[in-house]
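Enquirer: Sharing a structure here in structure tokens format.
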Amino acid sequence: MQADQVLIDERRGRLIASRMNLRYTGILGILVEAKSKDLIPEVKPLLNALIDVAGFWVAESLRNSVLELVNEIDAS
């Protein structure tokens, strides 16, 4: 496989990817990048759906950091 980057969210997988010198990102990084490229209008509704509907676990501090990064900390 000749991937430029791998998509992975699990801690163990990230550790292994790092040991193999692979660039990686998770779903939150994809959402941030998608907004920065104007592919999506907002991150917050998608992040909320991941948490509330899909059962995706995100630490509150990380959630707030991501929303602050995309200037949505006070957005609904």
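Residues in the structure tokens are numbered from 1 in each chain, the chains being A, B, ... in the order shown, and ligands are numbered from 1 in the order shown.
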Determine, counting only C-alpha atoms, which protein, DNA and RNA residues have an atom within 9 Å of an atom of segment 56-67 of chain A; residues of the same chain fewer than 5 positions away are not included. Present the result as a list of chain:residue names.
Expert: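 My list of contacting residues is A:Leu28, A:Gly29, A:Val32, A:Val43, A:Lys44, A:Leu47, A:Ala49, A:Leu50, A:Ile51, A:Glu72, A:Ile73, A:Asp74, A:Ala75.
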Enquirer: Go ahead and write the selection's residues with C-alpha atoms as a CSV table (one decimal), in the first residue's frame.
Expert:
chain,number,residue,atom,x,y,z
A,28,LEU,CA,-12.0,14.7,14.0
A,29,GLY,CA,-9.0,15.8,11.9
A,32,VAL,CA,-11.5,20.0,10.7
A,43,VAL,CA,-18.2,20.6,12.3
A,44,LYS,CA,-20.4,20.8,15.4
A,47,LEU,CA,-19.5,15.9,15.8
A,49,ALA,CA,-24.2,13.2,15.6
A,50,LEU,CA,-21.0,11.1,16.0
A,51,ILE,CA,-21.3,11.3,19.7
A,72,GLU,CA,-17.7,27.0,16.5
A,73,ILE,CA,-17.3,27.0,20.3
A,74,ASP,CA,-20.4,29.1,20.7
A,75,ALA,CA,-22.3,27.8,17.6
Enquirer: Select from chain A everything DSSP, run on the backbone, classes as helix (DSSP H, G or I), then give the selection as a short mmCIF file (atom, residue, chain, number, x, y, z; two decimals) with C-alpha atoms, in the first residue's frame.
Expert:
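Output saved as selection_7.cif:
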data_model
loop_
_atom_site.label_atom_id
_atom_site.label_comp_id
_atom_site.auth_asym_id
_atom_site.auth_seq_id
_atom_site.Cartn_x
_atom_site.Cartn_y
_atom_site.Cartn_z
CA ARG A 11 -5.02 4.67 20.50
CA ARG A 12 -3.25 1.38 19.83
CA GLY A 13 -3.54 1.80 16.08
CA ARG A 14 -2.07 5.31 16.29
CA LEU A 15 0.83 3.98 18.35
CA ILE A 16 1.55 1.30 15.75
CA ALA A 17 1.21 3.78 12.88
CA SER A 18 3.62 6.11 14.64
CA ARG A 19 6.14 3.30 15.14
CA ILE A 27 -12.20 11.46 12.09
CA LEU A 28 -11.97 14.73 14.00
CA GLY A 29 -8.98 15.75 11.90
CA ILE A 30 -10.94 14.90 8.77
CA LEU A 31 -13.84 17.10 9.92
CA VAL A 32 -11.50 20.02 10.66
CA GLU A 33 -9.83 19.66 7.26
CA ALA A 34 -13.18 19.36 5.48
CA LYS A 35 -14.36 22.63 7.01
CA SER A 36 -11.08 24.38 6.21
CA LYS A 44 -20.40 20.83 15.39
CA PRO A 45 -23.56 19.13 14.04
CA LEU A 46 -21.51 16.28 12.61
CA LEU A 47 -19.49 15.94 15.81
CA ASN A 48 -22.70 15.90 17.86
CA ALA A 49 -24.16 13.19 15.60
CA LEU A 50 -21.00 11.10 15.97
CA ILE A 51 -21.31 11.32 19.74
CA ASP A 52 -25.10 11.11 20.15
CA GLU A 60 -15.07 16.92 26.47
CA SER A 61 -11.75 18.79 26.43
CA LEU A 62 -10.94 17.42 22.96
CA ARG A 63 -14.45 18.24 21.72
CA ASN A 64 -14.06 21.81 22.95
CA SER A 65 -10.57 22.11 21.42
CA VAL A 66 -11.85 20.96 18.03
CA LEU A 67 -14.81 23.35 18.13
CA GLU A 68 -12.53 26.21 19.16
CA LEU A 69 -10.15 25.36 16.33
#
Enquirer: Just asking: which residues within chain A are strand (DSSP E) according to DSSP, as a PyMOL selection string?
Expert: chain A and resi 6-7+24-25
